[in-house]
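Below: model_23.txt (compact mmCIF, C-alpha atoms and all ligand atoms)
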# COMPACT_ATOMS: atom_id res chain seq x y z
CA MET A 1 91.58 10.25 24.76
CA ARG A 2 93.17 8.18 22.09
CA HIS A 3 95.03 10.75 20.03
CA VAL A 4 98.26 12.19 21.38
CA TYR A 5 100.42 14.93 19.91
CA LEU A 6 103.95 15.50 21.17
CA HIS A 7 105.64 18.77 20.24
CA ILE A 8 109.42 18.57 19.90
CA PRO A 9 110.43 22.21 19.49
CA PHE A 10 114.08 22.06 18.47
CA CYS A 11 115.47 23.14 15.11
CA ARG A 12 119.02 23.83 14.01
CA ARG A 13 118.00 27.10 12.36
CA ARG A 14 114.79 28.87 11.33
CA CYS A 15 113.50 28.31 7.79
CA SER A 16 112.84 31.56 5.96
CA TYR A 17 109.02 31.23 6.05
CA CYS A 18 108.53 29.60 9.45
CA ASP A 19 106.79 31.19 12.44
CA PHE A 20 106.24 27.97 14.40
CA SER A 21 106.98 27.80 18.07
CA ILE A 22 110.52 26.44 17.98
CA ALA A 23 113.75 26.61 19.97
CA VAL A 24 116.79 27.05 17.74
CA ARG A 25 119.63 25.07 19.30
CA LYS A 26 123.02 23.80 18.12
CA ARG A 27 122.94 21.17 20.86
CA ILE A 28 119.62 19.42 21.43
CA PRO A 29 118.90 19.17 25.19
CA ALA A 30 117.52 15.66 24.80
CA ARG A 31 117.82 14.51 28.41
CA GLU A 32 116.15 17.66 29.80
CA TYR A 33 113.42 17.39 27.19
CA VAL A 34 112.60 13.75 27.97
CA THR A 35 112.53 14.49 31.72
CA ALA A 36 110.16 17.42 31.20
CA VAL A 37 107.76 15.50 28.92
CA LEU A 38 107.66 12.50 31.24
CA GLY A 39 106.83 14.93 34.06
CA GLU A 40 103.96 16.34 32.03
CA LEU A 41 102.78 12.85 31.15
CA ASP A 42 102.59 12.01 34.88
CA LEU A 43 100.44 15.11 35.50
CA VAL A 44 98.13 14.27 32.59
CA ARG A 45 97.70 10.67 33.73
CA ALA A 46 97.09 11.73 37.35
CA ALA A 47 94.34 14.09 36.18
CA ASP A 48 92.73 11.45 33.96
CA PRO A 49 93.77 7.96 35.01
CA GLY A 50 91.00 6.37 32.94
CA ALA A 51 92.19 7.65 29.57
CA GLY A 52 91.65 4.97 26.94
CA ASP A 53 93.85 3.15 24.49
CA LEU A 54 96.12 5.06 22.22
CA GLU A 55 94.99 5.14 18.62
CA THR A 56 97.40 7.63 17.08
CA LEU A 57 100.56 9.33 18.22
CA TYR A 58 102.05 12.22 16.27
CA LEU A 59 105.52 13.57 16.96
CA GLY A 60 105.63 17.02 15.41
CA GLY A 61 107.77 20.08 15.69
CA GLY A 62 110.14 21.68 15.37
CA THR A 63 112.28 18.86 14.08
CA PRO A 64 111.51 15.62 15.95
CA SER A 65 114.13 13.77 13.88
CA LEU A 66 116.82 15.77 15.72
CA LEU A 67 116.09 13.86 18.93
CA PRO A 68 118.63 11.05 19.44
CA PRO A 69 117.01 7.64 18.78
CA ASP A 70 117.45 6.49 22.40
CA ALA A 71 115.57 9.58 23.66
CA LEU A 72 112.81 8.89 21.17
CA LYS A 73 112.63 5.28 22.27
CA THR A 74 112.27 6.28 25.94
CA LEU A 75 109.44 8.66 25.06
CA LEU A 76 107.58 6.19 22.87
CA THR A 77 107.86 3.39 25.42
CA SER A 78 106.54 5.64 28.21
CA LEU A 79 103.69 6.96 26.08
CA ARG A 80 102.61 3.48 25.07
CA ASP A 81 102.70 2.32 28.72
CA ALA A 82 100.80 5.38 29.90
CA PHE A 83 98.04 4.93 27.33
CA HIS A 84 97.73 1.15 27.77
CA VAL A 85 98.80 0.06 24.32
CA THR A 86 97.87 -3.56 24.44
CA THR A 87 97.24 -4.25 20.76
CA SER A 88 99.98 -5.18 18.31
CA ARG A 89 102.14 -2.17 17.77
CA ASP A 90 101.12 -1.31 14.23
CA ASP A 91 97.49 -0.85 15.25
CA VAL A 92 98.69 2.49 16.60
CA GLU A 93 99.59 5.02 13.92
CA VAL A 94 102.88 6.51 15.09
CA THR A 95 104.01 9.41 12.89
CA LEU A 96 107.37 11.11 13.13
CA GLU A 97 108.05 14.39 11.34
CA ALA A 98 111.55 14.24 9.91
CA ASN A 99 113.83 16.43 7.89
CA PRO A 100 115.59 14.61 5.03
CA GLU A 101 119.10 15.31 6.34
CA ASP A 102 118.36 13.37 9.55
CA VAL A 103 117.13 10.23 7.80
CA THR A 104 120.12 7.88 7.79
CA PRO A 105 119.68 4.10 7.48
CA ASP A 106 120.68 3.75 11.17
CA ASN A 107 118.21 6.37 12.39
CA ALA A 108 115.42 4.91 10.24
CA ARG A 109 116.02 1.42 11.66
CA ALA A 110 116.06 2.75 15.23
CA TRP A 111 112.81 4.69 14.65
CA ARG A 112 111.13 1.60 13.23
CA GLU A 113 112.29 -0.52 16.17
CA SER A 114 110.81 2.08 18.54
CA GLY A 115 107.41 1.73 16.87
CA VAL A 116 107.39 4.55 14.29
CA ASN A 117 105.36 3.35 11.30
CA ARG A 118 104.71 6.59 9.43
CA VAL A 119 107.10 9.42 8.55
CA SER A 120 106.16 12.87 7.34
CA LEU A 121 109.17 14.17 5.47
CA GLY A 122 109.77 17.91 5.06
CA ALA A 123 110.83 17.84 1.40
CA GLN A 124 109.35 21.28 0.42
CA SER A 125 110.98 21.38 -3.05
CA PHE A 126 113.30 19.42 -5.33
CA ASP A 127 115.07 22.55 -6.56
CA ASP A 128 118.38 23.18 -4.74
CA ARG A 129 118.18 26.94 -5.35
CA VAL A 130 114.73 27.08 -3.79
CA LEU A 131 115.78 24.94 -0.83
CA LYS A 132 118.61 27.35 -0.17
CA TRP A 133 116.23 30.32 -0.36
CA MET A 134 114.01 28.55 2.18
CA HIS A 135 117.03 28.05 4.50
CA ARG A 136 116.52 24.31 4.31
CA PRO A 137 119.66 22.37 5.24
CA HIS A 138 119.09 19.53 2.72
CA ASP A 139 119.44 19.35 -1.04
CA ALA A 140 117.10 17.60 -3.46
CA ALA A 141 119.17 14.41 -3.71
CA ARG A 142 118.86 13.96 0.04
CA ILE A 143 115.07 13.56 -0.22
CA GLY A 144 115.42 10.44 -2.41
CA HIS A 145 118.10 9.02 -0.08
CA ALA A 146 115.77 9.58 2.88
CA VAL A 147 112.83 7.81 1.23
CA ARG A 148 115.03 4.84 0.34
CA ALA A 149 116.45 4.66 3.88
CA LEU A 150 112.94 4.66 5.36
CA ARG A 151 111.73 1.92 3.02
CA GLY A 152 114.91 -0.07 3.73
CA ALA A 153 114.02 0.07 7.43
CA GLY A 154 110.45 -1.09 6.80
CA ILE A 155 108.70 2.29 6.97
CA ASP A 156 106.56 2.39 3.83
CA ASN A 157 103.94 4.88 4.95
CA ILE A 158 105.74 8.06 3.87
CA SER A 159 104.25 11.50 3.43
CA LEU A 160 106.05 14.31 1.62
CA ASP A 161 105.45 17.99 2.44
CA LEU A 162 105.76 20.45 -0.44
CA ILE A 163 105.32 24.22 -0.50
CA PHE A 164 103.79 25.97 -3.50
CA GLY A 165 102.94 29.55 -4.49
CA LEU A 166 106.51 30.83 -4.17
CA PRO A 167 107.46 34.33 -5.39
CA ALA A 168 107.78 34.54 -9.18
CA GLU A 169 111.42 35.64 -9.14
CA LEU A 170 112.45 32.20 -7.89
CA GLU A 171 111.19 30.72 -11.20
CA ARG A 172 110.32 27.56 -9.37
CA ASP A 173 108.97 24.85 -11.70
CA TRP A 174 106.08 23.49 -9.63
CA GLU A 175 105.09 20.83 -12.16
CA ARG A 176 108.63 19.45 -12.19
CA ASP A 177 108.66 19.34 -8.39
CA LEU A 178 105.36 17.44 -8.38
CA GLU A 179 106.78 14.95 -10.89
CA ARG A 180 109.90 14.45 -8.77
CA ALA A 181 107.74 13.90 -5.67
CA LEU A 182 105.44 11.44 -7.45
CA SER A 183 108.40 9.49 -8.83
CA LEU A 184 109.22 8.55 -5.21
CA LEU A 185 105.74 6.97 -4.85
CA PRO A 186 104.87 8.48 -1.44
CA SER A 187 101.67 7.15 0.12
CA HIS A 188 100.65 10.68 1.11
CA LEU A 189 101.37 14.29 0.13
CA SER A 190 100.76 17.50 2.09
CA LEU A 191 100.80 20.67 0.00
CA TYR A 192 100.99 24.07 1.67
CA GLY A 193 100.76 27.46 0.02
CA LEU A 194 103.45 29.92 1.10
CA THR A 195 102.19 32.66 3.40
CA VAL A 196 104.15 35.58 4.79
CA GLU A 197 104.04 35.37 8.57
CA GLU A 198 105.16 38.19 10.85
CA ARG A 199 108.63 38.09 12.35
CA THR A 200 110.03 35.64 9.79
CA PRO A 201 113.02 36.25 7.50
CA LEU A 202 110.56 36.16 4.58
CA ALA A 203 108.46 38.98 6.10
CA ARG A 204 111.61 41.08 6.41
CA TRP A 205 112.63 40.38 2.80
CA VAL A 206 109.14 41.33 1.58
CA SER A 207 108.98 44.50 3.69
CA ARG A 208 112.26 45.83 2.33
CA GLY A 209 111.33 44.87 -1.25
CA ALA A 210 114.01 42.21 -1.61
CA THR A 211 111.40 39.64 -2.59
CA ALA A 212 107.85 39.85 -3.95
CA ALA A 213 104.91 38.76 -1.80
CA PRO A 214 103.27 35.51 -2.96
CA ASN A 215 100.73 36.11 -5.69
CA ASP A 216 97.10 34.86 -5.44
CA ASP A 217 96.84 33.89 -9.12
CA ARG A 218 100.00 31.81 -8.97
CA TYR A 219 98.73 30.23 -5.74
CA ALA A 220 95.43 29.23 -7.38
CA GLU A 221 97.08 28.00 -10.59
CA GLU A 222 99.56 25.80 -8.75
CA TYR A 223 96.95 24.47 -6.34
CA LEU A 224 94.64 23.43 -9.17
CA LEU A 225 97.55 21.96 -11.15
CA ALA A 226 98.44 19.80 -8.13
CA HIS A 227 94.84 18.52 -7.94
CA ARG A 228 94.87 17.52 -11.61
CA ARG A 229 98.31 15.93 -11.50
CA LEU A 230 97.75 14.02 -8.25
CA ALA A 231 94.31 12.79 -9.29
CA ALA A 232 95.87 11.42 -12.51
CA SER A 233 98.28 9.39 -10.35
CA GLY A 234 95.55 7.93 -8.13
CA TYR A 235 95.76 10.29 -5.15
CA GLU A 236 92.61 11.51 -3.42
CA PHE A 237 92.52 14.95 -1.82
CA TYR A 238 90.70 14.09 1.39
CA GLU A 239 91.38 17.50 2.93
CA VAL A 240 92.17 20.93 1.53
CA SER A 241 95.97 20.39 1.80
CA ASN A 242 96.29 16.62 2.00
CA ALA A 243 96.14 13.80 -0.53
CA ALA A 244 96.60 10.06 -0.10
CA ARG A 245 96.69 6.97 -2.27
CA ASP A 246 95.41 3.50 -1.43
CA GLY A 247 93.63 4.72 1.71
CA HIS A 248 96.78 6.01 3.45
CA ARG A 249 95.01 8.98 5.04
CA SER A 250 96.54 10.41 8.19
CA ARG A 251 94.43 8.94 10.98
CA HIS A 252 95.82 11.46 13.45
CA ASN A 253 94.98 14.57 11.44
CA SER A 254 91.63 13.07 10.43
CA ALA A 255 90.83 12.89 14.15
CA TYR A 256 91.42 16.67 14.43
CA TRP A 257 89.25 17.38 11.43
CA SER A 258 86.39 15.26 12.77
CA GLY A 259 86.41 17.09 16.12
CA ARG A 260 87.75 14.21 18.22
CA ALA A 261 89.45 14.80 21.59
CA TYR A 262 93.24 14.80 21.76
CA VAL A 263 96.03 15.30 24.27
CA GLY A 264 98.96 17.58 23.46
CA LEU A 265 102.26 17.30 25.29
CA GLY A 266 105.35 19.48 25.02
CA PRO A 267 105.83 23.24 24.71
CA ALA A 268 103.04 25.03 22.79
CA ALA A 269 101.03 21.80 22.45
CA HIS A 270 97.22 22.10 22.45
CA SER A 271 94.74 19.65 23.98
CA PHE A 272 91.00 19.35 23.39
CA ASP A 273 88.50 17.33 25.42
CA GLY A 274 85.47 17.93 23.19
CA ARG A 275 84.46 21.05 25.13
CA ALA A 276 87.56 22.98 26.20
CA ARG A 277 90.84 23.69 24.49
CA ARG A 278 94.03 24.14 26.54
CA TRP A 279 97.49 25.08 25.44
CA ASN A 280 100.88 24.84 27.01
CA THR A 281 103.30 27.65 27.48
CA ALA A 282 105.17 28.00 24.18
CA ALA A 283 108.75 28.79 25.23
CA TRP A 284 110.91 25.73 25.83
CA ASP A 285 112.68 27.21 28.88
CA ALA A 286 109.43 28.24 30.57
CA TYR A 287 107.94 24.80 29.87
CA ARG A 288 111.01 23.05 31.29
CA ARG A 289 111.07 25.27 34.40
CA ALA A 290 107.36 24.70 35.12
CA LEU A 291 107.76 20.93 35.05
CA ALA A 292 111.00 20.99 37.04
CA ALA A 293 109.01 22.78 39.76
CA GLY A 294 106.20 20.20 39.53
CA ARG A 295 103.79 22.75 38.03
CA SER A 296 101.44 22.24 35.09
CA PRO A 297 102.77 23.82 31.87
CA VAL A 298 99.21 24.76 30.78
CA ASP A 299 99.22 28.44 29.88
CA SER A 300 95.54 29.00 29.21
CA GLU A 301 92.26 27.44 28.18
CA GLU A 302 89.05 28.38 26.43
CA VAL A 303 85.70 26.67 26.80
CA LEU A 304 83.93 26.63 23.47
CA THR A 305 80.33 27.83 23.35
CA ASP A 306 77.78 25.77 21.41
CA GLU A 307 77.95 28.38 18.67
CA GLN A 308 81.75 28.18 18.45
CA ARG A 309 81.62 24.41 18.34
CA GLU A 310 79.10 24.50 15.52
CA LEU A 311 81.18 27.01 13.56
CA GLU A 312 84.24 24.86 14.04
CA ARG A 313 82.35 21.74 12.98
CA VAL A 314 81.19 23.40 9.75
CA TYR A 315 84.68 24.73 9.03
CA LEU A 316 86.39 21.40 9.66
CA SER A 317 83.79 19.44 7.69
CA LEU A 318 84.17 21.70 4.68
CA ARG A 319 87.96 21.32 4.84
CA THR A 320 87.53 17.59 4.25
CA ASP A 321 85.87 15.43 1.62
CA THR A 322 83.17 14.57 4.20
CA GLY A 323 81.44 17.88 3.57
CA VAL A 324 78.41 19.23 5.47
CA SER A 325 74.89 17.94 5.60
CA LEU A 326 72.61 19.69 3.15
CA SER A 327 69.63 19.54 5.48
CA ALA A 328 71.37 21.58 8.21
CA HIS A 329 72.03 24.60 6.00
CA PRO A 330 70.13 27.04 3.77
CA THR A 331 69.93 25.17 0.50
CA ASN A 332 69.70 28.29 -1.66
CA ARG A 333 73.25 29.22 -0.65
CA LEU A 334 74.62 25.75 -1.19
CA THR A 335 72.89 25.50 -4.56
CA ALA A 336 74.58 28.77 -5.57
CA TRP A 337 77.95 27.24 -4.70
CA VAL A 338 77.17 24.21 -6.85
CA SER A 339 76.22 26.45 -9.79
CA ALA A 340 79.49 28.36 -9.40
CA GLY A 341 81.49 25.10 -9.50
CA TRP A 342 82.66 25.46 -5.90
CA ALA A 343 80.78 22.47 -4.52
CA THR A 344 79.08 19.21 -5.42
CA VAL A 345 76.12 17.50 -3.80
CA ALA A 346 75.79 13.76 -3.25
CA GLY A 347 74.09 11.60 -0.65
CA GLY A 348 72.67 14.61 1.19
CA TYR A 349 76.11 16.22 1.69
CA VAL A 350 77.71 19.21 0.05
CA ARG A 351 81.44 18.94 -0.57
CA LEU A 352 83.81 21.59 -1.83
CA THR A 353 85.60 21.19 -5.16
CA PRO A 354 89.25 22.32 -5.53
CA GLU A 355 87.90 25.71 -6.70
CA GLY A 356 85.73 25.79 -3.57
CA TRP A 357 88.69 24.93 -1.33
CA LEU A 358 90.51 27.94 -2.76
CA ARG A 359 87.65 30.02 -1.26
CA LEU A 360 87.24 28.01 1.94
CA ASP A 361 87.31 30.87 4.44
CA ALA A 362 84.93 33.03 2.41
CA LEU A 363 82.46 30.15 1.94
CA VAL A 364 82.45 29.26 5.64
CA GLY A 365 81.90 32.95 6.41
CA ASP A 366 79.06 33.03 3.88
CA LEU A 367 77.35 30.01 5.41
CA THR A 368 77.73 31.01 9.04
CA ALA A 369 76.67 34.63 8.40
CA LEU A 370 73.53 33.29 6.79
CA HIS A 371 72.92 31.13 9.82
CA ASP A 372 72.81 34.27 11.96
CA THR A 373 70.04 35.73 9.85
CA VAL A 374 67.98 32.59 9.23
S1 LIG B 401 112.39 22.72 10.22
FE1 LIG B 401 110.17 23.04 10.27
S2 LIG B 401 109.73 23.86 12.33
FE2 LIG B 401 111.97 24.03 11.99
S3 LIG B 401 112.26 26.10 11.24
FE3 LIG B 401 112.04 24.78 9.44
S4 LIG B 401 109.83 24.80 8.94
FE4 LIG B 401 110.08 25.63 11.03
Could you show the structure in this file as structure tokens?
Ligand code: SF4
Amino acid sequence: MRHVYLHIPFCRRRCSYCDFSIAVRKRIPAREYVTAVLGELDLVRAADPGAGDLETLYLGGGTPSLLPPDALKTLLTSLRDAFHVTTSRDDVEVTLEANPEDVTPDNARAWRESGVNRVSLGAQSFDDRVLKWMHRPHDAARIGHAVRALRGAGIDNISLDLIFGLPAELERDWERDLERALSLLPSHLSLYGLTVEERTPLARWVSRGATAAPNDDRYAEEYLLAHRRLAASGYEFYEVSNAARDGHRSRHNSAYWSGRAYVGLGPAAHSFDGRARRWNTAAWDAYRRALAAGRSPVDSEEVLTDEQRELERVYLSLRTDTGVSLSAHPTNRLTAWVSAGWATVAGGYVRLTPEGWLRLDALVGDLTALHDTV
């Protein structure tokens, strides 16, 4: 088990589109959080004392950058000890998700000293009006300051998150946002299309007609524009939503997409051992109470059948530029995709094009439904 995810659920407020499992808090209960996670780590290690070296560690949320640097340091030190990190520290990819407003030169230095060597920055847009609409606490200028502070502290592996496919009435200039992002020379970009999730401020605005629902044509146009623009700047889309330059692919997320085992710690975190998936109770208070009582925070688990594992393998492979083996699937179907411009074939593998990735769910459904009848 060499890939560890730690969920840090705290946010200052909820962004307008977000339905993640978070705990909105003015004061971050850092000490209680560290105690609870270290308790869970003890349980995980007791259940599997032979777990191997750590290869990647991903601190996601929520807003991990809200944790005070000393709390983060305690967690990282304990995790590295627990997973026998014996190699030099940068052999382990340690990613921290951060919001731009938390990235001060002091915080960046402290993160680097604790072993963080990759930061995924929630930029989302470079348009102040749009950021306000999203309920983001930062403005566009803050994103550039954050990138410079990270580089000044020696963290060069920086990913920027951007959201596209926003409602037309915002008149968001997506091309301009891409240019602003590229001008900061990030090593990695993650691009997510806006979706309306239940029980979010956005869902309420849409249901009362205060804002238009995202439009599929705009989504497709902006997605394809991003592919063209990023390719022209030397970025490779190695997954449906992720592009990297100079080989700076996320090793942690690549492990998920290739079906590797991982351990999840923290409220709502998922773990996978290659056969079964388990997930922790999502609410912060319930998670904290379980660990304070010495109980496991695992809420439930599902054991995947061979069929489910195969479906998942096909889905994950098609999400990435690895693609699926031609020989394992009905070639007439795959050839039809190639003719439609949704896929290419090389070296015995079929890989989706950007147009194919726009139809990912439908194509996986097409392939797996055919499997049932072949
Ligand atoms: S900061 Fe991230 S996790 Fe927190 S509310 Fe905003 S989008 Fe959701």
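With all atoms listed in the file as the basis for measurement, A:Ala123 is the residue among A:Val303, A:Ala123, A:Leu38, A:Val85 that approaches ligand LIG 401 (chain B) most closely.
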Using only C-alpha atoms and all ligand atoms, the shortest atom-to-atom distance to ligand LIG 401 (chain B) among A:Gln124, A:Asn117, A:Thr56, A:Thr35 belongs to A:Gln124
Hey, which bits of chain A sit within 9 Å of ligand LIG 401 (chain B), and for each residue what's the closest pair of atoms and how far apart in Å (one decimal), counting only C-alpha atoms and all ligand atoms, rows by chain and increasing number, as JSON lines?
{"residue": "A:Pro9", "atom": "CA", "partner": "B:LIG401", "partner_atom": "S2", "distance": 7.4}
{"residue": "A:Phe10", "atom": "CA", "partner": "B:LIG401", "partner_atom": "FE2", "distance": 7.1}
{"residue": "A:Cys11", "atom": "CA", "partner": "B:LIG401", "partner_atom": "FE2", "distance": 4.8}
{"residue": "A:Arg12", "atom": "CA", "partner": "B:LIG401", "partner_atom": "FE2", "distance": 7.3}
{"residue": "A:Arg13", "atom": "CA", "partner": "B:LIG401", "partner_atom": "S3", "distance": 5.9}
{"residue": "A:Arg14", "atom": "CA", "partner": "B:LIG401", "partner_atom": "S3", "distance": 3.8}
{"residue": "A:Cys15", "atom": "CA", "partner": "B:LIG401", "partner_atom": "FE3", "distance": 4.2}
{"residue": "A:Ser16", "atom": "CA", "partner": "B:LIG401", "partner_atom": "S3", "distance": 7.6}
{"residue": "A:Tyr17", "atom": "CA", "partner": "B:LIG401", "partner_atom": "S4", "distance": 7.1}
{"residue": "A:Cys18", "atom": "CA", "partner": "B:LIG401", "partner_atom": "FE4", "distance": 4.5}
{"residue": "A:Asp19", "atom": "CA", "partner": "B:LIG401", "partner_atom": "FE4", "distance": 6.6}
{"residue": "A:Phe20", "atom": "CA", "partner": "B:LIG401", "partner_atom": "FE4", "distance": 5.6}
{"residue": "A:Ser21", "atom": "CA", "partner": "B:LIG401", "partner_atom": "S2", "distance": 7.5}
{"residue": "A:Ile22", "atom": "CA", "partner": "B:LIG401", "partner_atom": "S2", "distance": 6.3}
{"residue": "A:Ala23", "atom": "CA", "partner": "B:LIG401", "partner_atom": "FE2", "distance": 8.6}
{"residue": "A:Val24", "atom": "CA", "partner": "B:LIG401", "partner_atom": "S3", "distance": 8.0}
{"residue": "A:Gly60", "atom": "CA", "partner": "B:LIG401", "partner_atom": "S2", "distance": 8.5}
{"residue": "A:Gly61", "atom": "CA", "partner": "B:LIG401", "partner_atom": "S2", "distance": 5.4}
{"residue": "A:Gly62", "atom": "CA", "partner": "B:LIG401", "partner_atom": "S2", "distance": 3.8}
{"residue": "A:Thr63", "atom": "CA", "partner": "B:LIG401", "partner_atom": "S1", "distance": 5.5}
{"residue": "A:Glu97", "atom": "CA", "partner": "B:LIG401", "partner_atom": "FE1", "distance": 9.0}
{"residue": "A:Ala98", "atom": "CA", "partner": "B:LIG401", "partner_atom": "S1", "distance": 8.5}
{"residue": "A:Asn99", "atom": "CA", "partner": "B:LIG401", "partner_atom": "S1", "distance": 6.9}
{"residue": "A:Gly122", "atom": "CA", "partner": "B:LIG401", "partner_atom": "FE1", "distance": 7.3}
{"residue": "A:Met134", "atom": "CA", "partner": "B:LIG401", "partner_atom": "FE3", "distance": 8.4}
{"residue": "A:His135", "atom": "CA", "partner": "B:LIG401", "partner_atom": "FE3", "distance": 7.7}
{"residue": "A:Arg136", "atom": "CA", "partner": "B:LIG401", "partner_atom": "FE3", "distance": 6.8}
{"residue": "A:Pro137", "atom": "CA", "partner": "B:LIG401", "partner_atom": "S1", "distance": 8.8}
Take the residues just selected and output them with C-alpha atoms as a PDB file, in the frame of the given file.
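Saved file again-v1.pdb follows:
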ATOM      1  CA  PRO A   9     110.430  22.210  19.490  1.00  0.00           C
ATOM      2  CA  PHE A  10     114.080  22.060  18.470  1.00  0.00           C
ATOM      3  CA  CYS A  11     115.470  23.140  15.110  1.00  0.00           C
ATOM      4  CA  ARG A  12     119.020  23.830  14.010  1.00  0.00           C
ATOM      5  CA  ARG A  13     118.000  27.100  12.360  1.00  0.00           C
ATOM      6  CA  ARG A  14     114.790  28.870  11.330  1.00  0.00           C
ATOM      7  CA  CYS A  15     113.500  28.310   7.790  1.00  0.00           C
ATOM      8  CA  SER A  16     112.840  31.560   5.960  1.00  0.00           C
ATOM      9  CA  TYR A  17     109.020  31.230   6.050  1.00  0.00           C
ATOM     10  CA  CYS A  18     108.530  29.600   9.450  1.00  0.00           C
ATOM     11  CA  ASP A  19     106.790  31.190  12.440  1.00  0.00           C
ATOM     12  CA  PHE A  20     106.240  27.970  14.400  1.00  0.00           C
ATOM     13  CA  SER A  21     106.980  27.800  18.070  1.00  0.00           C
ATOM     14  CA  ILE A  22     110.520  26.440  17.980  1.00  0.00           C
ATOM     15  CA  ALA A  23     113.750  26.610  19.970  1.00  0.00           C
ATOM     16  CA  VAL A  24     116.790  27.050  17.740  1.00  0.00           C
ATOM     17  CA  GLY A  60     105.630  17.020  15.410  1.00  0.00           C
ATOM     18  CA  GLY A  61     107.770  20.080  15.690  1.00  0.00           C
ATOM     19  CA  GLY A  62     110.140  21.680  15.370  1.00  0.00           C
ATOM     20  CA  THR A  63     112.280  18.860  14.080  1.00  0.00           C
ATOM     21  CA  GLU A  97     108.050  14.390  11.340  1.00  0.00           C
ATOM     22  CA  ALA A  98     111.550  14.240   9.910  1.00  0.00           C
ATOM     23  CA  ASN A  99     113.830  16.430   7.890  1.00  0.00           C
ATOM     24  CA  GLY A 122     109.770  17.910   5.060  1.00  0.00           C
ATOM     25  CA  MET A 134     114.010  28.550   2.180  1.00  0.00           C
ATOM     26  CA  HIS A 135     117.030  28.050   4.500  1.00  0.00           C
ATOM     27  CA  ARG A 136     116.520  24.310   4.310  1.00  0.00           C
ATOM     28  CA  PRO A 137     119.660  22.370   5.240  1.00  0.00           C
TER      29      PRO A 137
END
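Using only C-alpha atoms, the shortest contact distance between A:Leu360 and any of A:Arg319, A:Arg288, A:Arg176, A:Arg218 is found at A:Arg319.
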Pick out the residues sitting within 8 Å of stretch 239-244 of chain A, and hand them over as a PyMOL selection string; count only C-alpha atoms, and ignore anything fewer than 6 positions along from it in its own chain. chain A and resi 187-192+230+319-321+354+357
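Of the listed residues A:Arg275, A:Arg313, A:Arg148, A:Arg251, the one whose atoms come nearest to A:Glu55 is A:Arg251, with distances taken using only C-alpha atoms.
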Atom CA of A:Glu312 to atom CA of A:Ala255, distance in Å rounded to a single decimal: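 These atoms are spaced 13.7 Å apart.
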- Item | Residue nearest A:Leu57 - candidates A:Pro69, A:Gly234, A:Gly264, A:Pro167, atoms counted: only C-alpha atoms |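 Closest residue, counting only C-alpha atoms: A:Gly264.
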Block slice stretch 5-26 of chain A, C-alpha atoms, emitted as a short mmCIF file (atom, residue, chain, number, x, y, z; two decimals), in the first residue's frame:
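The resulting file, part.cif, is shown below:
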data_model
loop_
_atom_site.label_atom_id
_atom_site.label_comp_id
_atom_site.auth_asym_id
_atom_site.auth_seq_id
_atom_site.Cartn_x
_atom_site.Cartn_y
_atom_site.Cartn_z
CA TYR A 5 -4.80 10.01 0.61
CA LEU A 6 -5.55 12.23 3.59
CA HIS A 7 -8.83 14.13 3.57
CA ILE A 8 -8.77 17.47 5.40
CA PRO A 9 -12.41 18.51 5.41
CA PHE A 10 -12.36 22.11 6.60
CA CYS A 11 -13.34 25.13 4.52
CA ARG A 12 -14.11 28.68 5.54
CA ARG A 13 -17.28 28.73 3.42
CA ARG A 14 -18.88 26.63 0.68
CA CYS A 15 -18.11 27.52 -2.94
CA SER A 16 -21.26 27.97 -5.01
CA TYR A 17 -20.80 24.75 -7.04
CA CYS A 18 -19.29 22.46 -4.39
CA ASP A 19 -20.95 19.35 -2.97
CA PHE A 20 -17.79 17.83 -1.46
CA SER A 21 -17.81 16.40 2.00
CA ILE A 22 -16.58 19.40 3.96
CA ALA A 23 -16.95 20.97 7.41
CA VAL A 24 -17.41 24.74 7.22
CA ARG A 25 -15.60 26.24 10.20
CA LYS A 26 -14.41 29.72 11.17
#
